[in-house]
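Shown below: input.cif, with mmCIF, N, CA and C atoms and all ligand atoms.
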data_target
loop_
_atom_site.label_atom_id
_atom_site.label_comp_id
_atom_site.auth_asym_id
_atom_site.auth_seq_id
_atom_site.Cartn_x
_atom_site.Cartn_y
_atom_site.Cartn_z
N MET A 26 94.25 -116.06 33.93
CA MET A 26 92.88 -116.09 34.42
C MET A 26 91.89 -116.01 33.26
N ALA A 27 90.80 -116.74 33.39
CA ALA A 27 89.73 -116.66 32.39
C ALA A 27 88.47 -116.15 33.08
N LYS A 28 87.57 -115.58 32.28
CA LYS A 28 86.30 -115.10 32.83
C LYS A 28 85.17 -115.82 32.12
N VAL A 29 84.24 -116.31 32.91
CA VAL A 29 83.09 -116.99 32.33
C VAL A 29 81.83 -116.30 32.82
N THR A 30 80.97 -115.88 31.91
CA THR A 30 79.70 -115.27 32.29
C THR A 30 78.56 -116.21 31.89
N PHE A 31 77.70 -116.45 32.86
CA PHE A 31 76.54 -117.30 32.62
C PHE A 31 75.30 -116.43 32.49
N LEU A 32 74.57 -116.58 31.38
CA LEU A 32 73.30 -115.88 31.17
C LEU A 32 72.18 -116.89 31.44
N PRO A 33 70.99 -116.51 31.84
CA PRO A 33 70.54 -115.13 31.97
C PRO A 33 70.91 -114.47 33.29
N SER A 34 71.49 -115.17 34.25
CA SER A 34 71.75 -114.55 35.55
C SER A 34 72.79 -113.44 35.46
N GLY A 35 73.72 -113.56 34.50
CA GLY A 35 74.76 -112.55 34.37
C GLY A 35 75.89 -112.71 35.36
N VAL A 36 75.96 -113.85 36.03
CA VAL A 36 77.04 -114.09 37.00
C VAL A 36 78.35 -114.29 36.23
N THR A 37 79.37 -113.50 36.60
CA THR A 37 80.68 -113.65 35.98
C THR A 37 81.64 -114.30 36.96
N CYS A 38 82.32 -115.34 36.51
CA CYS A 38 83.23 -116.10 37.36
C CYS A 38 84.65 -115.92 36.84
N GLU A 39 85.56 -115.67 37.75
CA GLU A 39 86.97 -115.59 37.37
C GLU A 39 87.61 -116.91 37.74
N VAL A 40 88.22 -117.57 36.77
CA VAL A 40 88.76 -118.91 37.03
C VAL A 40 90.23 -118.99 36.64
N VAL A 41 90.94 -119.84 37.37
CA VAL A 41 92.35 -120.06 37.12
C VAL A 41 92.56 -121.56 36.93
N VAL A 42 93.16 -121.92 35.82
CA VAL A 42 93.31 -123.34 35.48
C VAL A 42 93.98 -124.13 36.60
N SER A 43 94.95 -123.52 37.28
CA SER A 43 95.67 -124.26 38.31
C SER A 43 94.80 -124.56 39.54
N ASP A 44 93.62 -123.93 39.63
CA ASP A 44 92.70 -124.20 40.75
C ASP A 44 91.76 -125.38 40.46
N TYR A 45 91.72 -125.88 39.23
CA TYR A 45 90.81 -126.97 38.88
C TYR A 45 91.22 -128.24 39.62
N PRO A 46 90.31 -129.14 39.98
CA PRO A 46 88.86 -128.97 39.87
C PRO A 46 88.31 -128.21 41.06
N TYR A 47 87.14 -127.59 40.87
CA TYR A 47 86.48 -126.90 41.97
C TYR A 47 85.64 -127.86 42.79
N GLY A 48 85.08 -128.85 42.12
CA GLY A 48 84.23 -129.81 42.81
C GLY A 48 84.36 -131.16 42.15
N ASP A 49 83.29 -131.94 42.24
CA ASP A 49 83.38 -133.28 41.67
C ASP A 49 82.27 -133.56 40.66
N HIS A 50 81.76 -132.49 40.04
CA HIS A 50 80.74 -132.68 39.02
C HIS A 50 81.28 -132.21 37.68
N GLY A 51 81.27 -133.11 36.70
CA GLY A 51 81.76 -132.75 35.38
C GLY A 51 83.27 -132.83 35.30
N ARG A 52 83.80 -132.61 34.11
CA ARG A 52 85.25 -132.62 33.95
C ARG A 52 85.85 -131.46 34.74
N PRO A 53 87.05 -131.65 35.29
CA PRO A 53 87.68 -130.55 36.04
C PRO A 53 87.81 -129.30 35.17
N GLY A 54 87.31 -128.18 35.68
CA GLY A 54 87.38 -126.93 34.92
C GLY A 54 86.32 -126.81 33.86
N SER A 55 85.37 -127.73 33.87
CA SER A 55 84.27 -127.63 32.89
C SER A 55 83.34 -126.48 33.29
N LEU A 56 82.51 -126.07 32.37
CA LEU A 56 81.55 -125.01 32.68
C LEU A 56 80.66 -125.41 33.85
N LEU A 57 80.35 -126.70 33.96
CA LEU A 57 79.54 -127.16 35.09
C LEU A 57 80.31 -127.06 36.40
N ASP A 58 81.55 -127.50 36.39
CA ASP A 58 82.41 -127.41 37.58
C ASP A 58 82.44 -125.96 38.07
N ILE A 59 82.60 -125.04 37.15
CA ILE A 59 82.68 -123.61 37.48
C ILE A 59 81.32 -123.10 37.97
N ALA A 60 80.26 -123.47 37.26
CA ALA A 60 78.92 -122.99 37.62
C ALA A 60 78.56 -123.39 39.04
N ILE A 61 78.84 -124.63 39.41
CA ILE A 61 78.49 -125.10 40.76
C ILE A 61 79.32 -124.34 41.80
N ARG A 62 80.59 -124.15 41.52
CA ARG A 62 81.47 -123.43 42.44
C ARG A 62 80.95 -122.02 42.74
N TYR A 63 80.36 -121.40 41.71
CA TYR A 63 79.89 -120.02 41.85
C TYR A 63 78.38 -119.90 42.08
N GLY A 64 77.73 -121.04 42.33
CA GLY A 64 76.31 -121.01 42.66
C GLY A 64 75.38 -120.67 41.51
N VAL A 65 75.83 -120.91 40.28
CA VAL A 65 74.99 -120.66 39.11
C VAL A 65 74.01 -121.82 38.96
N ASP A 66 72.74 -121.49 38.73
CA ASP A 66 71.71 -122.52 38.62
C ASP A 66 71.75 -123.14 37.22
N LEU A 67 72.34 -124.31 37.14
CA LEU A 67 72.51 -125.01 35.87
C LEU A 67 72.19 -126.49 36.11
N ALA A 68 71.19 -126.99 35.41
CA ALA A 68 70.78 -128.38 35.60
C ALA A 68 71.91 -129.34 35.24
N HIS A 69 71.96 -130.47 35.97
CA HIS A 69 72.99 -131.48 35.68
C HIS A 69 72.52 -132.82 36.22
N ASN A 70 71.44 -133.29 35.61
CA ASN A 70 70.74 -134.45 36.17
C ASN A 70 71.58 -135.72 36.27
N CYS A 71 72.55 -135.90 35.39
CA CYS A 71 73.35 -137.14 35.47
C CYS A 71 74.58 -136.96 36.35
N GLY A 72 74.75 -135.76 36.91
CA GLY A 72 75.89 -135.53 37.79
C GLY A 72 77.16 -135.17 37.05
N GLY A 73 77.03 -134.92 35.76
CA GLY A 73 78.20 -134.44 35.00
C GLY A 73 79.00 -135.52 34.32
N VAL A 74 78.33 -136.61 33.93
CA VAL A 74 79.07 -137.71 33.28
C VAL A 74 78.65 -137.93 31.83
N CYS A 75 78.12 -136.89 31.20
CA CYS A 75 77.79 -136.95 29.77
C CYS A 75 76.71 -138.00 29.48
N ALA A 76 75.74 -138.12 30.41
CA ALA A 76 74.70 -139.13 30.23
C ALA A 76 73.29 -138.55 30.19
N CYS A 77 73.19 -137.21 30.10
CA CYS A 77 71.87 -136.58 29.94
C CYS A 77 72.11 -135.40 29.01
N THR A 78 71.14 -134.50 28.91
CA THR A 78 71.40 -133.29 28.12
C THR A 78 70.97 -132.05 28.89
N THR A 79 70.72 -132.22 30.20
CA THR A 79 70.18 -131.09 30.96
C THR A 79 71.19 -129.97 31.17
N CYS A 80 72.48 -130.24 31.00
CA CYS A 80 73.49 -129.20 31.20
C CYS A 80 73.81 -128.45 29.91
N HIS A 81 72.92 -128.62 28.91
CA HIS A 81 73.09 -127.94 27.62
C HIS A 81 73.24 -126.42 27.80
N VAL A 82 74.28 -125.86 27.20
CA VAL A 82 74.44 -124.40 27.17
C VAL A 82 74.73 -123.99 25.72
N VAL A 83 74.42 -122.74 25.42
CA VAL A 83 74.75 -122.19 24.10
C VAL A 83 75.85 -121.16 24.30
N VAL A 84 76.96 -121.35 23.60
CA VAL A 84 78.11 -120.45 23.74
C VAL A 84 77.85 -119.19 22.92
N LYS A 85 77.82 -118.05 23.59
CA LYS A 85 77.58 -116.77 22.92
C LYS A 85 78.87 -116.16 22.41
N SER A 86 79.96 -116.35 23.15
CA SER A 86 81.27 -115.89 22.68
C SER A 86 82.36 -116.62 23.45
N GLY A 87 83.53 -116.65 22.84
CA GLY A 87 84.70 -117.24 23.48
C GLY A 87 84.84 -118.73 23.29
N THR A 88 84.19 -119.25 22.27
CA THR A 88 84.25 -120.71 22.06
C THR A 88 85.68 -121.21 21.88
N GLU A 89 86.56 -120.32 21.41
CA GLU A 89 87.97 -120.71 21.21
C GLU A 89 88.71 -120.95 22.53
N HIS A 90 88.10 -120.56 23.64
CA HIS A 90 88.72 -120.81 24.95
C HIS A 90 88.20 -122.08 25.61
N LEU A 91 87.39 -122.83 24.87
CA LEU A 91 86.85 -124.08 25.41
C LEU A 91 87.52 -125.27 24.75
N SER A 92 87.57 -126.39 25.50
CA SER A 92 88.16 -127.61 24.95
C SER A 92 87.36 -128.05 23.72
N GLU A 93 88.02 -128.78 22.84
CA GLU A 93 87.36 -129.30 21.65
C GLU A 93 86.31 -130.33 22.06
N MET A 94 85.26 -130.39 21.26
CA MET A 94 84.22 -131.36 21.56
C MET A 94 84.68 -132.77 21.22
N GLU A 95 84.44 -133.71 22.13
CA GLU A 95 84.80 -135.09 21.85
C GLU A 95 83.56 -135.85 21.39
N GLU A 96 83.80 -137.07 20.90
CA GLU A 96 82.73 -137.80 20.24
C GLU A 96 81.53 -138.09 21.16
N ASP A 97 81.82 -138.46 22.42
CA ASP A 97 80.68 -138.80 23.28
C ASP A 97 79.82 -137.57 23.59
N GLU A 98 80.46 -136.40 23.69
CA GLU A 98 79.68 -135.17 23.88
C GLU A 98 78.82 -134.90 22.65
N GLU A 99 79.42 -135.06 21.48
CA GLU A 99 78.71 -134.80 20.23
C GLU A 99 77.50 -135.72 20.10
N ASP A 100 77.70 -137.00 20.40
CA ASP A 100 76.61 -137.97 20.30
C ASP A 100 75.48 -137.63 21.26
N ARG A 101 75.84 -137.28 22.48
CA ARG A 101 74.85 -136.97 23.51
C ARG A 101 74.11 -135.68 23.16
N LEU A 102 74.86 -134.69 22.72
CA LEU A 102 74.31 -133.37 22.40
C LEU A 102 73.26 -133.45 21.28
N ASP A 103 73.42 -134.41 20.40
CA ASP A 103 72.47 -134.59 19.31
C ASP A 103 71.03 -134.71 19.80
N ARG A 104 70.89 -135.16 21.04
CA ARG A 104 69.55 -135.38 21.60
C ARG A 104 69.04 -134.18 22.38
N ALA A 105 69.82 -133.12 22.47
CA ALA A 105 69.42 -131.96 23.28
C ALA A 105 68.32 -131.16 22.58
N GLU A 106 67.41 -130.68 23.40
CA GLU A 106 66.35 -129.83 22.89
C GLU A 106 66.93 -128.46 22.52
N GLY A 107 66.49 -127.90 21.41
CA GLY A 107 66.94 -126.56 21.02
C GLY A 107 68.40 -126.51 20.61
N LEU A 108 68.89 -127.61 20.04
CA LEU A 108 70.30 -127.70 19.64
C LEU A 108 70.68 -126.61 18.63
N THR A 109 71.85 -126.00 18.84
CA THR A 109 72.36 -125.01 17.89
C THR A 109 73.80 -125.38 17.55
N LEU A 110 74.37 -124.68 16.59
CA LEU A 110 75.77 -124.94 16.22
C LEU A 110 76.72 -124.51 17.33
N GLN A 111 76.23 -123.68 18.24
CA GLN A 111 77.07 -123.21 19.35
C GLN A 111 76.79 -123.97 20.64
N SER A 112 76.04 -125.05 20.56
CA SER A 112 75.68 -125.80 21.76
C SER A 112 76.85 -126.61 22.29
N ARG A 113 76.91 -126.72 23.63
CA ARG A 113 77.87 -127.60 24.30
C ARG A 113 77.20 -128.21 25.52
N LEU A 114 77.78 -129.29 26.01
CA LEU A 114 77.38 -129.81 27.31
C LEU A 114 78.32 -129.19 28.33
N ALA A 115 77.74 -128.53 29.33
CA ALA A 115 78.56 -127.79 30.30
C ALA A 115 79.51 -128.71 31.07
N CYS A 116 79.12 -129.96 31.26
CA CYS A 116 79.97 -130.85 32.05
C CYS A 116 81.18 -131.35 31.26
N GLN A 117 81.18 -131.13 29.95
CA GLN A 117 82.26 -131.64 29.11
C GLN A 117 83.16 -130.53 28.55
N ALA A 118 82.64 -129.32 28.45
CA ALA A 118 83.39 -128.21 27.85
C ALA A 118 84.27 -127.56 28.92
N VAL A 119 85.56 -127.72 28.79
CA VAL A 119 86.52 -127.22 29.79
C VAL A 119 87.05 -125.85 29.36
N VAL A 120 87.10 -124.92 30.30
CA VAL A 120 87.65 -123.59 30.03
C VAL A 120 89.17 -123.68 30.10
N GLU A 121 89.81 -123.33 29.00
CA GLU A 121 91.26 -123.50 28.91
C GLU A 121 91.95 -122.14 28.85
N GLY A 122 93.02 -122.01 29.61
CA GLY A 122 93.87 -120.82 29.51
C GLY A 122 93.18 -119.55 29.96
N THR A 123 93.35 -118.50 29.18
CA THR A 123 92.80 -117.21 29.53
C THR A 123 91.79 -116.78 28.47
N GLY A 124 91.04 -115.73 28.78
CA GLY A 124 90.08 -115.23 27.82
C GLY A 124 88.70 -115.13 28.44
N GLU A 125 87.74 -114.70 27.63
CA GLU A 125 86.39 -114.50 28.14
C GLU A 125 85.41 -115.39 27.40
N VAL A 126 84.56 -116.04 28.17
CA VAL A 126 83.56 -116.94 27.61
C VAL A 126 82.20 -116.49 28.13
N VAL A 127 81.21 -116.44 27.25
CA VAL A 127 79.84 -116.13 27.66
C VAL A 127 78.93 -117.26 27.19
N VAL A 128 78.18 -117.84 28.11
CA VAL A 128 77.29 -118.93 27.74
C VAL A 128 75.87 -118.68 28.27
N GLN A 129 74.92 -119.20 27.53
CA GLN A 129 73.51 -119.12 27.92
C GLN A 129 73.10 -120.46 28.52
N VAL A 130 72.62 -120.43 29.76
CA VAL A 130 72.11 -121.65 30.39
C VAL A 130 70.74 -121.97 29.79
N MET A 131 70.53 -123.19 29.36
CA MET A 131 69.26 -123.56 28.73
C MET A 131 68.25 -124.12 29.73
N THR A 132 68.73 -124.77 30.78
CA THR A 132 67.81 -125.41 31.73
C THR A 132 68.28 -125.20 33.16
N THR A 133 67.38 -124.69 34.00
CA THR A 133 67.72 -124.56 35.43
C THR A 133 67.39 -125.88 36.12
N ARG A 134 67.87 -126.02 37.34
CA ARG A 134 67.61 -127.25 38.08
C ARG A 134 66.11 -127.46 38.29
N ALA A 135 65.39 -126.39 38.56
CA ALA A 135 63.94 -126.52 38.77
C ALA A 135 63.25 -126.98 37.49
N GLN A 136 63.68 -126.42 36.36
CA GLN A 136 63.08 -126.82 35.08
C GLN A 136 63.37 -128.28 34.77
N ALA A 137 64.51 -128.77 35.21
CA ALA A 137 64.91 -130.15 34.93
C ALA A 137 64.32 -131.12 35.95
N GLY A 138 63.63 -130.57 36.95
CA GLY A 138 62.95 -131.43 37.90
C GLY A 138 63.81 -131.91 39.05
N GLY A 139 64.69 -131.08 39.51
CA GLY A 139 65.40 -131.48 40.72
C GLY A 139 66.84 -131.09 40.78
N HIS A 140 67.56 -131.76 41.63
CA HIS A 140 69.01 -131.62 41.86
C HIS A 140 69.44 -130.16 42.00
S1 LIG B 201 75.22 -133.15 33.42
FE1 LIG B 201 74.41 -134.77 32.28
S2 LIG B 201 75.40 -134.52 30.38
FE2 LIG B 201 76.19 -132.91 31.53
#
Please render this file's structure as structure tokens.
Ligand code: FES
Amino acid sequence: MAKVTFLPSGVTCEVVVSDYPYGDHGRPGSLLDIAIRYGVDLAHNCGGVCACTTCHVVVKSGTEHLSEMEEDEEDRLDRAEGLTLQSRLACQAVVEGTGEVVVQVMTTRAQAGGH
């Protein structure tokens, strides 16, 4: 089991890899997939297909429990506002195995204008 905490809400989700996917937004087991399952307010204007930057999150800890960044995520992320070295796209970063991950949500659905 892995634990994912989303800030600023502080919602902690317990996830099991064998339960993936939870829904149909983002890669199975991605931070977005998990956030939607647990009702965390995280913008995802393109529906989780790596075509916007609204699902930008900053990883506070546990980055070693996330999938490696692939080229299309890296290219897309370059355009994100407030980019940091710990930035990821929630729809692309998959929680792998066990451990604890803490991420900061950068944009809520209301801030992103919908969805
Ligand atoms: S939801 Fe659009 S890039 Fe992640």
Listed atoms of ligand LIG 201 (chain B), axis-aligned box, 4 Å per side: centre and edge lengths to one decimal in Å, as JSON?
{"center_x": 75.3, "center_y": -133.8, "center_z": 31.9, "size_x": 9.8, "size_y": 9.9, "size_z": 11.0}
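Using all atoms listed in the file, the protein and nucleic acid residues lying no more than 8 Å from A:Thr109, apart from those fewer than 6 places from it along its own chain, are Val82, Val83, Val84 and Leu102 of chain A.
Minimum atom-to-atom distances from A:Cys77, A:Gly107, A:Ala135, A:Gly124 to ligand LIG 201 (chain B) were compared using all atoms listed in the file, and the lowest value belongs to A:Cys77.
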message = Could you list the protein, DNA and RNA residues that have any atom within 5 Å of ligand LIG 201 (chain B), counting only N, CA and C atoms and all ligand atoms, and write them as number ranges by chain?
response = A: 69-80, 116
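Across A:Met26, A:Ala137, A:Leu67, A:Leu114, the tightest approach to A:Glu96 is made by A:Leu114 when counting only C-alpha atoms.
With atom CA of A:Asp49 on one side and atom CA of A:Asp66 on the other, the separation reads 16.2 Å.
Residues lying within 5 Å of A:Thr132, counting all atoms listed in the file and ignoring same-chain neighbours fewer than 2 positions away, are Ala68, Val130 and Arg134 of chain A.
Here atom C of A:Ser55 is placed at a distance of 4.8 Å from atom CA of A:Val119.
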